[in-house]
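See structure below.
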Amino acid sequence: MLSAQSAAVVRATLPAVGAAIEDITGRFYGKLFDAHPDLLRDLFNRGNQAAGSQRQALAGSIAAFATYLVSHPDDRPDVMLQRIAHKHASLGVLPEQYPVVHQHLFEAIAEVLGDAVTPEVARAWNEVYWLMANALIAIEERLYAEQGVTAGDVWQEWEVVSRTDPTQDVAAFLLRPADGAAAPAFKPGQYVSVQVTLPDGAQQIRQYSLTGAPSATTRSIAVKRVPGTGTTPDGEVSHHLHTHVGAGDRLRVSAPYGDLVLAVDEAPLLLASAGIGCTPMLAMLEELAAARHTGPVTVVHADRSPDTHALRAEHEALAGKLPDATAHFWYERPGSGHRTGRVDLANVPVAPGTRAYLCGPLPFMRAVREQLLAQGVAPADIHYEVFGPDLWLAAAA
């Protein structure tokens, strides 16, 4: 992996680079988009750029990767790389884009750190970058091949068969390939990217989990309308889908990707979600029901109220089809007939050897993970999915 000489230099300079990494990535994105404005328009999430979350995720992942290399010189963080590669593949990232990123990133490093970037330091961090980039390129090439697509050409026209609105803020779409071909296979827990053309001509992309078990011809997604805050705009793609897309319309949809994949064996399962994070769990539950799974399954979900719990009836019904499943729902608003407040697993039995899958906002997943660890669940058996930039991965890798 990282050469001994470069490892020593990276170890010595990591504190300085880490302290400046957000300034570096902020300047990097400015340079990248000045030189290639089409990338911001058609590839990068403009909302995440405006909020700064993409910059934080990139900064953390670079620092985490470098830290891992100097701490484990004969190894590499494959979990981290797999997660990033799946997201890149769903966006159609190309190998030739990595040298472009390298150019602007290292220009930003030189500008922020100045004379501290000696030729020796530049060589060491260049080695770090290409170890990460080449690993991602190799994984992405394999992911493209597995789906039978060429690098970057991940898109297919899909037709909206039907649309329902299970809650005020969630729209569910049933899709099928517009050319009548079989729908690409997927594994429960994976997602697809959806690309839409916005009024200003931008072709923005977002990821949505597939909500049903695989069938021959159709796929389903559920889209939550993302409201803006005082510092971030409304979700461009979610608002477009809610406002403009219905039965008979067409969408550009990627092949399925994602590393939060249900593994079915004898291990007890715990599926924990909050809000729209229930979507990958529904696919997992439907797969378990179709396979007549008889092992113990614990279903946990948190939401504001039963009325905002998207696909609640399906969530309950699928759990009810499993002979050894229990469902525990928490709602913030009292008087719902279910538990009130935040998820508390103190009185929820967690069997030894449990494998857990989490999806929802980061504070929810962090809290559930801490509770599971306290009950003896092994860290390696807790898997998660994040919608948007993976700030948790960057911080924890």
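We name chains A, B, ... following the order of the structure tokens; residues begin at 1 in each chain, and ligands are numbered from 1 as shown.
All residues of protein, DNA or RNA that reach within 10 Å of Pro95 of chain A, judged by only C-alpha atoms and not counting those fewer than 6 positions away in the chain, are A:Ala133, A:Asn134, A:Leu136, A:Ile137, A:Ala138, A:Glu140, A:Glu141, A:Ala151, A:Gly152.
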With N, CA and C atoms kept, could you save the residues just selected as an mmCIF file, in the first residue's frame?
```cif
data_model
loop_
_atom_site.group_PDB
_atom_site.id
_atom_site.type_symbol
_atom_site.label_atom_id
_atom_site.label_comp_id
_atom_site.auth_asym_id
_atom_site.auth_seq_id
_atom_site.Cartn_x
_atom_site.Cartn_y
_atom_site.Cartn_z
ATOM 1 N N ALA A 133 -7.798 6.861 -5.448
ATOM 2 C CA ALA A 133 -8.459 6.992 -6.750
ATOM 3 C C ALA A 133 -8.402 5.691 -7.545
ATOM 4 N N ASN A 134 -7.241 5.070 -7.613
ATOM 5 C CA ASN A 134 -7.121 3.839 -8.396
ATOM 6 C C ASN A 134 -7.939 2.697 -7.794
ATOM 7 N N LEU A 136 -10.775 3.133 -6.184
ATOM 8 C CA LEU A 136 -12.155 3.435 -6.543
ATOM 9 C C LEU A 136 -12.426 3.124 -8.019
ATOM 10 N N ILE A 137 -11.492 3.485 -8.880
ATOM 11 C CA ILE A 137 -11.664 3.204 -10.310
ATOM 12 C C ILE A 137 -11.837 1.700 -10.546
ATOM 13 N N ALA A 138 -11.016 0.895 -9.868
ATOM 14 C CA ALA A 138 -11.093 -0.559 -10.037
ATOM 15 C C ALA A 138 -12.420 -1.110 -9.532
ATOM 16 N N GLU A 140 -15.253 0.566 -9.184
ATOM 17 C CA GLU A 140 -16.328 1.075 -10.044
ATOM 18 C C GLU A 140 -16.372 0.329 -11.376
ATOM 19 N N GLU A 141 -15.208 -0.004 -11.920
ATOM 20 C CA GLU A 141 -15.179 -0.784 -13.156
ATOM 21 C C GLU A 141 -15.872 -2.130 -12.953
ATOM 22 N N ALA A 151 -18.710 2.267 -18.406
ATOM 23 C CA ALA A 151 -18.428 3.327 -17.433
ATOM 24 C C ALA A 151 -19.151 4.610 -17.823
ATOM 25 N N GLY A 152 -19.935 5.131 -16.889
ATOM 26 C CA GLY A 152 -20.634 6.383 -17.114
ATOM 27 C C GLY A 152 -21.980 6.224 -17.785
#
```
Mind the document's chain letters and residue numbers, and return as a list in words the residues of segment 15-159 of chain A that DSSP labels strand (DSSP E or B). Trp155, Gln156, Glu157, Trp158 and Glu159 of chain A
Please write the residues from the selection above to a file, keeping C-alpha atoms, as an mmCIF file, in the first residue's frame.
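Saved the output as part_19.cif:
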```cif
data_model
loop_
_atom_site.group_PDB
_atom_site.id
_atom_site.type_symbol
_atom_site.label_atom_id
_atom_site.label_comp_id
_atom_site.auth_asym_id
_atom_site.auth_seq_id
_atom_site.Cartn_x
_atom_site.Cartn_y
_atom_site.Cartn_z
ATOM 1 C CA TRP A 155 -28.967 5.477 -17.513
ATOM 2 C CA GLN A 156 -32.112 3.884 -18.896
ATOM 3 C CA GLU A 157 -35.496 5.384 -19.725
ATOM 4 C CA TRP A 158 -38.212 4.219 -17.316
ATOM 5 C CA GLU A 159 -41.938 4.862 -17.466
#
```
For Ala85 of chain A, please output as a list in words all residues within 10 Å (counting only C-alpha atoms; exclusion window: fewer than 3 positions along the same chain). Val79, Met80, Leu81, Gln82, His88, Ala89, Ser90, Leu91, Val93, Ala133, Ala135, Leu136, Ile137, Ala138, Ile139, Glu140, Glu141, Arg142, Leu143, Tyr257, Gly258 and Asp259 of chain A
Using only C-alpha atoms, tabulate the residues of segment 278-309 of chain A lying at most 8 Å from any atom of segment 211-226 of chain A, each with its closest atom pair and that distance in Å to one decimal, by chain and increasing residue number, as a tab-separated table.
```
residue	atom	partner	partner_atom	distance
A:Thr279	CA	A:Thr211	CA	5.1
A:Pro280	CA	A:Thr211	CA	5.7
A:Met281	CA	A:Thr211	CA	7.6
A:Leu282	CA	A:Thr211	CA	5.5
A:Ala283	CA	A:Gly212	CA	4.4
A:Met284	CA	A:Ala213	CA	7.3
A:Glu286	CA	A:Ala213	CA	5.5
A:Glu287	CA	A:Ala213	CA	5.3
```
Pick from A:Pro166, A:Pro306, A:Gly52, A:Pro296: nearest to Leu322 of chain A, with only C-alpha atoms counted? A:Pro296
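Counting from atom CA of Leu174 of chain A, the distance to atom CA of Ser305 of chain A is 25.0 Å.
Proximity ranking of A:Val192, A:Ala319, A:Ala116, A:Ala63 relative to Arg292 of chain A places A:Ala319 first, based on only C-alpha atoms.
The smallest atom-to-atom distance between Ile24 of chain A and any of A:Ala202, A:Leu58, A:Leu358, A:Val10, using only C-alpha atoms, is found for A:Leu58.
Using only C-alpha atoms, the shortest contact distance between Phe106 of chain A and any of A:Ala183, A:Ala374, A:Ile21, A:Leu40 is found at A:Ile21.
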Please report, as a count of residues only, each residue of segment 194-338 of chain A to which DSSP assigns alpha helix (DSSP H) when run on this structure's backbone. 31
One-decimal distance in Å that lies between atom CA of Val261 of chain A and atom CA of Gly189 of chain A: 5.0 Å
Option closest in space to Thr13 of chain A, from A:Thr298, A:Thr67, A:Ser254, A:Gln56 [counting only C-alpha atoms]: A:Thr67
For Arg46 of chain A, list every protein, DNA or RNA residue within 12 Å, evaluated using only C-alpha atoms, and leave out those in the same chain fewer than 3 positions away; present the list as a ChimeraX atom specification. /A:29,33,37-43,49-55,198,202-206,232-237,388
Produce a file of the selected residues containing N, CA and C atoms, as a tab-separated table (two decimals), in the first residue's frame.
```tsv
chain	number	residue	atom	x	y	z
A	29	TYR	N	-13.49	22.84	-4.60
A	29	TYR	CA	-14.76	22.86	-5.32
A	29	TYR	C	-14.93	24.15	-6.11
A	33	PHE	N	-15.50	23.90	-10.15
A	33	PHE	CA	-16.72	24.37	-10.81
A	33	PHE	C	-16.46	25.58	-11.69
A	37	PRO	N	-18.12	24.09	-15.06
A	37	PRO	CA	-19.43	24.41	-14.48
A	37	PRO	C	-20.48	23.34	-14.75
A	38	ASP	N	-20.29	22.54	-15.80
A	38	ASP	CA	-21.25	21.48	-16.11
A	38	ASP	C	-21.32	20.43	-15.01
A	39	LEU	N	-20.21	20.26	-14.26
A	39	LEU	CA	-20.22	19.26	-13.20
A	39	LEU	C	-21.19	19.65	-12.08
A	40	LEU	N	-21.22	20.93	-11.73
A	40	LEU	CA	-22.16	21.39	-10.70
A	40	LEU	C	-23.59	21.33	-11.23
A	41	ARG	N	-23.75	21.60	-12.51
A	41	ARG	CA	-25.09	21.62	-13.09
A	41	ARG	C	-25.67	20.22	-13.22
A	42	ASP	N	-24.83	19.24	-13.58
A	42	ASP	CA	-25.37	17.94	-13.98
A	42	ASP	C	-24.90	16.75	-13.15
A	43	LEU	N	-23.92	16.89	-12.27
A	43	LEU	CA	-23.41	15.74	-11.53
A	43	LEU	C	-23.49	15.96	-10.02
A	49	GLN	N	-23.94	21.28	-2.07
A	49	GLN	CA	-22.88	22.27	-2.23
A	49	GLN	C	-23.23	23.56	-1.48
A	50	ALA	N	-24.49	23.99	-1.60
A	50	ALA	CA	-24.91	25.22	-0.92
A	50	ALA	C	-24.82	25.07	0.59
A	51	ALA	N	-25.16	23.87	1.09
A	51	ALA	CA	-25.13	23.64	2.54
A	51	ALA	C	-23.74	23.38	3.07
A	52	GLY	N	-22.79	23.03	2.18
A	52	GLY	CA	-21.43	22.72	2.61
A	52	GLY	C	-21.23	21.29	3.04
A	53	SER	N	-22.29	20.46	2.97
A	53	SER	CA	-22.16	19.09	3.47
A	53	SER	C	-21.28	18.24	2.57
A	54	GLN	N	-21.30	18.48	1.25
A	54	GLN	CA	-20.44	17.72	0.36
A	54	GLN	C	-18.97	18.01	0.64
A	55	ARG	N	-18.66	19.28	0.91
A	55	ARG	CA	-17.28	19.66	1.24
A	55	ARG	C	-16.82	18.97	2.52
A	198	LEU	N	-34.27	20.07	-14.79
A	198	LEU	CA	-34.93	21.15	-14.08
A	198	LEU	C	-35.20	22.33	-15.01
A	202	ALA	N	-30.54	22.26	-15.88
A	202	ALA	CA	-29.66	21.37	-15.12
A	202	ALA	C	-30.27	19.97	-15.06
A	203	GLN	N	-29.40	18.98	-15.13
A	203	GLN	CA	-29.82	17.58	-15.01
A	203	GLN	C	-29.31	17.06	-13.67
A	204	GLN	N	-30.08	17.31	-12.63
A	204	GLN	CA	-29.66	16.94	-11.29
A	204	GLN	C	-30.04	15.49	-10.99
A	205	ILE	N	-29.24	14.87	-10.10
A	205	ILE	CA	-29.36	13.44	-9.80
A	205	ILE	C	-29.54	13.26	-8.29
A	206	ARG	N	-30.44	12.34	-7.91
A	206	ARG	CA	-30.59	11.95	-6.52
A	206	ARG	C	-30.76	10.43	-6.43
A	232	THR	N	-30.43	26.46	3.60
A	232	THR	CA	-30.41	25.55	2.45
A	232	THR	C	-31.69	25.70	1.65
A	233	PRO	N	-31.63	25.50	0.34
A	233	PRO	CA	-32.83	25.60	-0.49
A	233	PRO	C	-33.69	24.35	-0.39
A	234	ASP	N	-34.92	24.44	-0.93
A	234	ASP	CA	-35.76	23.25	-1.03
A	234	ASP	C	-35.04	22.20	-1.89
A	235	GLY	N	-35.36	20.94	-1.64
A	235	GLY	CA	-34.78	19.88	-2.46
A	235	GLY	C	-35.26	19.99	-3.90
A	236	GLU	N	-34.35	20.24	-4.82
A	236	GLU	CA	-34.74	20.51	-6.20
A	236	GLU	C	-35.39	19.30	-6.85
A	237	VAL	N	-34.79	18.14	-6.73
A	237	VAL	CA	-35.29	16.96	-7.43
A	237	VAL	C	-36.57	16.45	-6.77
A	388	GLY	N	-27.60	11.21	1.08
A	388	GLY	CA	-26.80	12.42	0.99
A	388	GLY	C	-25.36	12.14	1.35
```
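Among the candidate residues A:Arg123, A:Arg11, A:Lys187, A:His242, the one lying nearest to Phe173 of chain A is A:His242, with distances computed using only C-alpha atoms.
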Near Arg163 of chain A, within 9 Å and counting only C-alpha atoms, which residues show up once chain neighbours fewer than 3 positions away are dropped, as a list in words? Val160, Ala171, Ala172, Phe173, Leu174, Val245, Gly246 and Ala247 of chain A
Give me the residues within 9 Å of Trp130 of chain A as JSON, numbers by chain, counting only C-alpha atoms and dropping any in the same chain fewer than 5 places off. {"A": [98, 102, 125, 135]}
File dump, residues just selected, N, CA and C atoms, as a compact mmCIF listing (two decimals), in the first residue's frame:
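The resulting file, result34.txt, is reproduced below:
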```txt
# COMPACT_ATOMS: atom_id res chain seq x y z
N TYR A 98 -11.02 11.46 -12.53
CA TYR A 98 -10.11 11.47 -11.38
C TYR A 98 -8.89 12.37 -11.59
N HIS A 102 -7.80 15.53 -9.28
CA HIS A 102 -6.43 15.62 -8.77
C HIS A 102 -5.83 16.99 -9.05
N TRP A 125 1.53 12.95 -0.57
CA TRP A 125 0.08 13.10 -0.66
C TRP A 125 -0.44 12.73 -2.05
N ALA A 135 -8.02 2.66 -6.46
CA ALA A 135 -8.87 1.64 -5.83
C ALA A 135 -10.33 1.86 -6.21
```
One-decimal distance in Å that lies between atom CA of Val253 of chain A and atom CA of Gly148 of chain A: 14.7 Å
